[in-house]
file data28.cif (mmCIF, C-alpha atoms)
data_entry
loop_
_atom_site.group_PDB
_atom_site.id
_atom_site.type_symbol
_atom_site.label_atom_id
_atom_site.label_comp_id
_atom_site.auth_asym_id
_atom_site.auth_seq_id
_atom_site.Cartn_x
_atom_site.Cartn_y
_atom_site.Cartn_z
ATOM 1 C CA MET F 1 -10.148 59.225 71.005
ATOM 2 C CA LEU F 2 -13.164 58.166 68.930
ATOM 3 C CA LYS F 3 -10.931 57.953 65.846
ATOM 4 C CA GLN F 4 -8.514 55.648 67.726
ATOM 5 C CA VAL F 5 -11.328 53.369 68.914
ATOM 6 C CA SER F 6 -12.805 53.292 65.395
ATOM 7 C CA PHE F 7 -9.406 52.425 63.920
ATOM 8 C CA ILE F 8 -8.872 49.620 66.462
ATOM 9 C CA PHE F 9 -12.337 48.235 65.683
ATOM 10 C CA PHE F 10 -11.541 48.405 61.957
ATOM 11 C CA LEU F 11 -8.255 46.498 62.425
ATOM 12 C CA VAL F 12 -9.823 43.735 64.492
ATOM 13 C CA PHE F 13 -12.865 43.534 62.191
ATOM 14 C CA SER F 14 -10.593 43.327 59.136
ATOM 15 C CA CYS F 15 -8.682 40.417 60.702
ATOM 16 C CA TYR F 16 -11.887 38.538 61.422
ATOM 17 C CA MET F 17 -13.280 39.269 57.952
ATOM 18 C CA GLY F 18 -10.161 37.670 56.488
ATOM 19 C CA VAL F 19 -11.641 34.398 57.691
ATOM 20 C CA GLU F 20 -14.084 34.584 54.769
ATOM 21 C CA SER F 21 -17.119 34.041 56.982
ATOM 22 C CA GLN F 22 -15.741 30.848 58.505
ATOM 23 C CA GLU F 23 -16.537 30.550 62.174
ATOM 24 C CA LEU F 24 -13.647 31.262 64.498
ATOM 25 C CA LYS F 25 -12.846 28.603 67.072
ATOM 26 C CA HIS F 26 -11.269 29.517 70.406
ATOM 27 C CA LEU F 27 -8.805 27.969 72.822
ATOM 28 C CA THR F 28 -8.697 29.793 76.151
ATOM 29 C CA ASP F 29 -6.640 29.557 79.317
ATOM 30 C CA GLU F 30 -7.196 31.523 82.536
ATOM 31 C CA LEU F 31 -4.905 31.890 85.529
ATOM 32 C CA GLN F 32 -5.454 33.825 88.750
ATOM 33 C CA VAL F 33 -2.480 35.892 89.902
ATOM 34 C CA ASN F 34 -2.120 37.362 93.378
ATOM 35 C CA VAL F 35 -0.761 40.639 92.051
ATOM 36 C CA GLY F 36 -2.624 43.760 90.988
ATOM 37 C CA ALA F 37 -3.751 44.011 87.360
ATOM 38 C CA ASN F 38 -1.594 47.103 86.702
ATOM 39 C CA ARG F 39 1.632 45.226 87.507
ATOM 40 C CA VAL F 40 0.643 42.276 85.348
ATOM 41 C CA TRP F 41 -0.325 44.629 82.498
ATOM 42 C CA GLU F 42 3.108 46.304 82.688
ATOM 43 C CA LEU F 43 4.660 42.929 81.907
ATOM 44 C CA TYR F 44 2.197 42.003 79.134
ATOM 45 C CA ARG F 45 1.754 45.425 77.531
ATOM 46 C CA HIS F 46 5.020 45.590 75.592
ATOM 47 C CA LEU F 47 7.656 42.924 75.043
ATOM 48 C CA GLY F 48 8.268 41.922 78.667
ATOM 49 C CA ILE F 49 6.259 38.708 78.705
ATOM 50 C CA SER F 50 7.827 37.502 75.438
ATOM 51 C CA ARG F 51 11.356 38.115 76.681
ATOM 52 C CA LEU F 52 10.683 36.644 80.136
ATOM 53 C CA THR F 53 9.097 33.534 78.627
ATOM 54 C CA ALA F 54 12.010 33.040 76.220
ATOM 55 C CA GLN F 55 14.456 33.446 79.106
ATOM 56 C CA GLN F 56 12.621 30.848 81.216
ATOM 57 C CA LEU F 57 11.840 28.368 78.407
ATOM 58 C CA LYS F 58 15.223 28.104 76.679
ATOM 59 C CA ASN F 59 14.485 24.454 75.875
ATOM 60 C CA VAL F 60 11.386 25.581 73.861
ATOM 61 C CA ILE F 61 12.186 29.066 72.526
ATOM 62 C CA GLN F 62 15.528 29.557 70.827
ATOM 63 C CA ASN F 63 15.100 33.244 70.011
ATOM 64 C CA VAL F 64 12.701 36.194 70.226
ATOM 65 C CA GLN F 65 13.332 38.773 67.534
ATOM 66 C CA VAL F 66 11.623 42.139 67.128
ATOM 67 C CA LEU F 67 11.367 42.544 63.356
ATOM 68 C CA GLU F 68 9.662 45.923 63.513
ATOM 69 C CA GLY F 69 8.451 48.357 66.171
ATOM 70 C CA ASP F 70 9.061 48.983 69.854
ATOM 71 C CA GLY F 71 6.400 46.831 71.510
ATOM 72 C CA GLY F 72 3.417 49.014 70.601
ATOM 73 C CA VAL F 73 0.747 48.552 67.951
ATOM 74 C CA GLY F 74 2.364 47.509 64.670
ATOM 75 C CA THR F 75 5.245 45.648 66.314
ATOM 76 C CA MET F 76 6.236 42.448 64.502
ATOM 77 C CA LEU F 77 7.643 39.714 66.703
ATOM 78 C CA LYS F 78 9.214 36.441 65.570
ATOM 79 C CA LEU F 79 9.604 33.478 67.913
ATOM 80 C CA THR F 80 12.000 30.740 66.783
ATOM 81 C CA PHE F 81 11.482 27.386 68.492
ATOM 82 C CA VAL F 82 13.833 24.548 69.404
ATOM 83 C CA PRO F 83 14.366 22.007 67.827
ATOM 84 C CA GLY F 84 14.094 22.294 64.084
ATOM 85 C CA ASN F 85 13.975 26.088 63.899
ATOM 86 C CA SER F 86 10.226 26.306 63.287
ATOM 87 C CA SER F 87 8.963 29.805 63.964
ATOM 88 C CA TYR F 88 5.904 31.965 64.500
ATOM 89 C CA THR F 89 5.585 35.624 63.486
ATOM 90 C CA GLU F 90 2.868 37.970 64.733
ATOM 91 C CA ARG F 91 1.945 41.650 64.586
ATOM 92 C CA PHE F 92 0.457 43.509 67.550
ATOM 93 C CA ILE F 93 -2.799 45.014 66.279
ATOM 94 C CA VAL F 94 -4.468 46.234 69.488
ATOM 95 C CA ILE F 95 -3.039 47.462 72.776
ATOM 96 C CA ASN F 96 -5.735 48.931 75.004
ATOM 97 C CA ASP F 97 -4.292 50.292 78.252
ATOM 98 C CA GLU F 98 -7.694 51.150 79.716
ATOM 99 C CA LYS F 99 -9.090 47.626 79.285
ATOM 100 C CA LYS F 100 -5.687 45.934 79.633
ATOM 101 C CA VAL F 101 -6.124 44.024 76.354
ATOM 102 C CA LYS F 102 -3.470 43.079 73.817
ATOM 103 C CA VAL F 103 -4.251 41.432 70.462
ATOM 104 C CA ALA F 104 -1.784 40.028 67.945
ATOM 105 C CA LYS F 105 -2.476 38.602 64.499
ATOM 106 C CA GLY F 106 -0.424 35.632 63.371
ATOM 107 C CA LEU F 107 1.399 36.285 60.093
ATOM 108 C CA GLU F 108 3.221 32.978 59.551
ATOM 109 C CA GLY F 109 4.032 29.776 61.355
ATOM 110 C CA GLY F 110 2.031 28.406 64.265
ATOM 111 C CA CYS F 111 -1.265 26.885 63.158
ATOM 112 C CA LEU F 112 -1.034 28.923 59.938
ATOM 113 C CA ALA F 113 1.657 26.468 58.829
ATOM 114 C CA ILE F 114 -0.616 23.433 59.341
ATOM 115 C CA GLY F 115 -3.865 24.541 57.735
ATOM 116 C CA CYS F 116 -5.350 27.465 59.629
ATOM 117 C CA SER F 117 -6.358 30.553 57.664
ATOM 118 C CA VAL F 118 -6.191 32.944 60.607
ATOM 119 C CA GLN F 119 -4.689 32.957 64.105
ATOM 120 C CA ILE F 120 -5.405 35.784 66.534
ATOM 121 C CA VAL F 121 -3.874 35.819 70.024
ATOM 122 C CA ARG F 122 -5.524 37.919 72.728
ATOM 123 C CA PHE F 123 -4.493 38.638 76.300
ATOM 124 C CA ASP F 124 -6.918 40.164 78.815
ATOM 125 C CA ILE F 125 -5.742 41.175 82.277
ATOM 126 C CA ILE F 126 -8.922 41.200 84.369
ATOM 127 C CA GLU F 127 -8.879 42.879 87.770
ATOM 128 C CA LYS F 128 -10.530 40.882 90.582
ATOM 129 C CA THR F 129 -9.360 42.906 93.577
ATOM 130 C CA LYS F 130 -6.675 45.548 93.977
ATOM 131 C CA ASP F 131 -4.225 42.724 94.717
ATOM 132 C CA SER F 132 -5.346 40.006 92.300
ATOM 133 C CA CYS F 133 -6.326 39.515 88.692
ATOM 134 C CA ILE F 134 -6.931 36.928 85.997
ATOM 135 C CA ILE F 135 -4.657 36.461 82.991
ATOM 136 C CA ARG F 136 -6.901 35.270 80.168
ATOM 137 C CA SER F 137 -5.094 33.996 77.085
ATOM 138 C CA ASP F 138 -7.174 33.238 74.008
ATOM 139 C CA ILE F 139 -6.334 31.994 70.530
ATOM 140 C CA ALA F 140 -9.016 32.489 67.891
ATOM 141 C CA TYR F 141 -8.463 30.534 64.710
ATOM 142 C CA ALA F 142 -10.148 29.265 61.569
ATOM 143 C CA VAL F 143 -9.256 26.247 59.482
ATOM 144 C CA LYS F 144 -8.930 26.311 55.698
ATOM 145 C CA LYS F 145 -11.652 24.205 54.083
ATOM 146 C CA GLU F 146 -9.174 21.786 52.502
ATOM 147 C CA PHE F 147 -7.622 21.032 55.937
ATOM 148 C CA GLU F 148 -10.846 20.603 57.960
ATOM 149 C CA ALA F 149 -10.550 16.796 57.985
ATOM 150 C CA ASN F 150 -7.146 17.094 59.707
ATOM 151 C CA ASP F 151 -8.635 19.419 62.375
ATOM 152 C CA PRO F 152 -5.467 21.505 62.896
ATOM 153 C CA LYS F 153 -5.354 23.517 66.109
ATOM 154 C CA PRO F 154 -2.990 26.095 67.532
ATOM 155 C CA ASN F 155 -1.226 25.215 70.759
ATOM 156 C CA ILE F 156 -2.376 27.137 73.852
ATOM 157 C CA GLN F 157 0.306 25.495 76.034
ATOM 158 C CA LEU F 158 2.922 28.168 75.352
ATOM 159 C CA LEU F 159 0.503 30.948 76.377
ATOM 160 C CA ALA F 160 -0.476 29.001 79.508
ATOM 161 C CA ALA F 161 3.215 28.507 80.344
ATOM 162 C CA ALA F 162 3.853 32.238 79.832
ATOM 163 C CA ALA F 163 1.053 33.058 82.290
ATOM 164 C CA GLN F 164 2.553 30.649 84.859
ATOM 165 C CA ILE F 165 5.975 32.256 84.374
ATOM 166 C CA ALA F 166 4.459 35.728 84.804
ATOM 167 C CA LYS F 167 2.685 34.577 87.969
ATOM 168 C CA ARG F 168 5.857 33.137 89.536
ATOM 169 C CA PHE F 169 7.938 36.160 88.525
ATOM 170 C CA LEU F 170 5.457 38.800 89.744
ATOM 171 C CA GLU F 171 4.369 37.013 92.928
ATOM 172 C CA SER F 172 7.969 36.362 93.958
ATOM 173 C CA SER F 173 8.956 39.990 93.377
ATOM 174 C CA LYS F 174 6.107 41.620 95.328
ATOM 175 C CA ILE F 175 7.122 44.906 96.852
#
call {"tool": "encode", "arguments": {"input": "data28.cif", "output": "structure tokens"}}
result
Amino acid sequence: MLKQVSFIFFLVFSCYMGVESQELKHLTDELQVNVGANRVWELYRHLGISRLTAQQLKNVIQNVQVLEGDGGVGTMLKLTFVPGNSSYTERFIVINDEKKVKVAKGLEGGCLAIGCSVQIVRFDIIEKTKDSCIIRSDIAYAVKKEFEANDPKPNIQLLAAAAQIAKRFLESSKI
């Protein structure tokens, strides 16, 4: 177990160190859901939230493609957007079932295509009561020095929309 925790720390630390000591900026969205954290985590843990979001936002997401993996650590996911076929590719680098945390590192597209040097997406499912939780979506990013004047930022709206979709889906299908 200690080896796994050390490896996870190393992966996350390595991603942050790739920023070359630039300060990471954060965009965060939180949404309360009237469903237990375990049910929400089941949707977020693997590929469920990506597929559900693509299904519900067909006017935004053209395709979700698993390039590698099965939804666990190491999985590479590519989202292709409508119109213009721009895309975003990420790799899942941390999935912590105990803390209900998932972290993905952007590989290409997204804010990386407009001047960011790193983009890290993190989801935390935070239990409030046995029947409610918070979905916290966070994008950490750094801007390349030569693009600082343009102030490029990732877009948190898609993550916020995914949380709203998860909320509607899970709250409407309560057992």
call {"tool": "atom_distance", "arguments": {"input": "data28.cif", "atom1": "atom CA of Asp151 of chain F", "atom2": "atom CA of Thr28 of chain F"}}
result
17.2 Å
call {"tool": "resolve_selection", "arguments": {"input": "data28.cif", "expression": "the PyMOL selection byres ((chain F and resi 85-102) around 7)", "output": "short mmCIF file (atom, residue, chain, number, x, y, z; two decimals) with C-alpha atoms, in the frame of the given file"}}
result
data_model
loop_
_atom_site.label_atom_id
_atom_site.label_comp_id
_atom_site.auth_asym_id
_atom_site.auth_seq_id
_atom_site.Cartn_x
_atom_site.Cartn_y
_atom_site.Cartn_z
CA ILE F 8 -8.87 49.62 66.46
CA LEU F 11 -8.26 46.50 62.42
CA TRP F 41 -0.32 44.63 82.50
CA ARG F 45 1.75 45.42 77.53
CA GLY F 72 3.42 49.01 70.60
CA VAL F 73 0.75 48.55 67.95
CA GLY F 74 2.36 47.51 64.67
CA THR F 75 5.24 45.65 66.31
CA MET F 76 6.24 42.45 64.50
CA LEU F 77 7.64 39.71 66.70
CA LYS F 78 9.21 36.44 65.57
CA LEU F 79 9.60 33.48 67.91
CA THR F 80 12.00 30.74 66.78
CA PHE F 81 11.48 27.39 68.49
CA VAL F 82 13.83 24.55 69.40
CA PRO F 83 14.37 22.01 67.83
CA GLY F 84 14.09 22.29 64.08
CA VAL F 103 -4.25 41.43 70.46
CA ALA F 104 -1.78 40.03 67.94
CA LYS F 105 -2.48 38.60 64.50
CA GLY F 106 -0.42 35.63 63.37
CA LEU F 107 1.40 36.28 60.09
CA GLU F 108 3.22 32.98 59.55
CA GLY F 109 4.03 29.78 61.36
CA GLY F 110 2.03 28.41 64.26
CA ARG F 122 -5.52 37.92 72.73
CA PHE F 123 -4.49 38.64 76.30
CA ASP F 124 -6.92 40.16 78.82
CA ILE F 125 -5.74 41.18 82.28
#
call {"tool": "atom_distance", "arguments": {"input": "data28.cif", "atom1": "atom CA of Gln55 of chain F", "atom2": "atom CA of Lys153 of chain F"}}
result
25.7 Å
call {"tool": "closest_residue", "arguments": {"input": "data28.cif", "among": "F:Leu27, F:Ile120, F:Ile126, F:Ile114", "to": "Glu148 of chain F", "atoms": "all atoms listed in the file"}}
result
F:Ile114
call {"tool": "atom_distance", "arguments": {"input": "data28.cif", "atom1": "atom CA of Glu42 of chain F", "atom2": "atom CA of His26 of chain F"}}
result
25.3 Å
call {"tool": "residues_near_point", "arguments": {"input": "data28.cif", "point": "(-1.5, 35.5, 93.5)", "cutoff": "8 Å", "atoms": "all atoms listed in the file", "output": "PyMOL selection string"}}
result
chain F and resi 32-35+131-133+167+171
call {"tool": "resolve_selection", "arguments": {"input": "data28.cif", "expression": "the PyMOL selection byres ((chain F and resi 49) around 12)", "output": "PyMOL selection string"}}
result
chain F and resi 39-48+50-57+64+71+102+123+135+158-167+169-170
call {"tool": "write_last_selection", "arguments": {"input": "data28.cif", "atoms": "C-alpha atoms", "output": "PDB file, in the frame of the given file"}}
result
ATOM      1  CA  ARG F  39       1.632  45.226  87.507  1.00  0.00           C
ATOM      2  CA  VAL F  40       0.643  42.276  85.348  1.00  0.00           C
ATOM      3  CA  TRP F  41      -0.325  44.629  82.498  1.00  0.00           C
ATOM      4  CA  GLU F  42       3.108  46.304  82.688  1.00  0.00           C
ATOM      5  CA  LEU F  43       4.660  42.929  81.907  1.00  0.00           C
ATOM      6  CA  TYR F  44       2.197  42.003  79.134  1.00  0.00           C
ATOM      7  CA  ARG F  45       1.754  45.425  77.531  1.00  0.00           C
ATOM      8  CA  HIS F  46       5.020  45.590  75.592  1.00  0.00           C
ATOM      9  CA  LEU F  47       7.656  42.924  75.043  1.00  0.00           C
ATOM     10  CA  GLY F  48       8.268  41.922  78.667  1.00  0.00           C
ATOM     11  CA  SER F  50       7.827  37.502  75.438  1.00  0.00           C
ATOM     12  CA  ARG F  51      11.356  38.115  76.681  1.00  0.00           C
ATOM     13  CA  LEU F  52      10.683  36.644  80.136  1.00  0.00           C
ATOM     14  CA  THR F  53       9.097  33.534  78.627  1.00  0.00           C
ATOM     15  CA  ALA F  54      12.010  33.040  76.220  1.00  0.00           C
ATOM     16  CA  GLN F  55      14.456  33.446  79.106  1.00  0.00           C
ATOM     17  CA  GLN F  56      12.621  30.848  81.216  1.00  0.00           C
ATOM     18  CA  LEU F  57      11.840  28.368  78.407  1.00  0.00           C
ATOM     19  CA  VAL F  64      12.701  36.194  70.226  1.00  0.00           C
ATOM     20  CA  GLY F  71       6.400  46.831  71.510  1.00  0.00           C
ATOM     21  CA  LYS F 102      -3.470  43.079  73.817  1.00  0.00           C
ATOM     22  CA  PHE F 123      -4.493  38.638  76.300  1.00  0.00           C
ATOM     23  CA  ILE F 135      -4.657  36.461  82.991  1.00  0.00           C
ATOM     24  CA  LEU F 158       2.922  28.168  75.352  1.00  0.00           C
ATOM     25  CA  LEU F 159       0.503  30.948  76.377  1.00  0.00           C
ATOM     26  CA  ALA F 160      -0.476  29.001  79.508  1.00  0.00           C
ATOM     27  CA  ALA F 161       3.215  28.507  80.344  1.00  0.00           C
ATOM     28  CA  ALA F 162       3.853  32.238  79.832  1.00  0.00           C
ATOM     29  CA  ALA F 163       1.053  33.058  82.290  1.00  0.00           C
ATOM     30  CA  GLN F 164       2.553  30.649  84.859  1.00  0.00           C
ATOM     31  CA  ILE F 165       5.975  32.256  84.374  1.00  0.00           C
ATOM     32  CA  ALA F 166       4.459  35.728  84.804  1.00  0.00           C
ATOM     33  CA  LYS F 167       2.685  34.577  87.969  1.00  0.00           C
ATOM     34  CA  PHE F 169       7.938  36.160  88.525  1.00  0.00           C
ATOM     35  CA  LEU F 170       5.457  38.800  89.744  1.00  0.00           C
TER      36      LEU F 170
END
call {"tool": "axis_aligned_box", "arguments": {"input": "data28.cif", "around": "segment 54-67 of chain F", "padding_each_side": "3 Å", "output": "AutoDock Vina command-line options"}}
result
--center_x 13.4 --center_y 33.5 --center_z 72.3 --size_x 10.2 --size_y 24.1 --size_z 23.9
call {"tool": "closest_residue", "arguments": {"input": "data28.cif", "among": "F:Ala142, F:Thr129, F:Val66, F:Ser117", "to": "Leu24 of chain F", "atoms": "all atoms listed in the file"}}
result
F:Ala142
call {"tool": "resolve_selection", "arguments": {"input": "data28.cif", "expression": "the PyMOL selection byres ((chain F and resi 115) around 7)", "output": "PyMOL selection string"}}
result
chain F and resi 111-114+116-117+143-144+147+152
call {"tool": "closest_residue", "arguments": {"input": "data28.cif", "among": "F:Glu127, F:Asn150, F:Ser172, F:Ala140", "to": "Asn38 of chain F", "atoms": "all atoms listed in the file"}}
result
F:Glu127
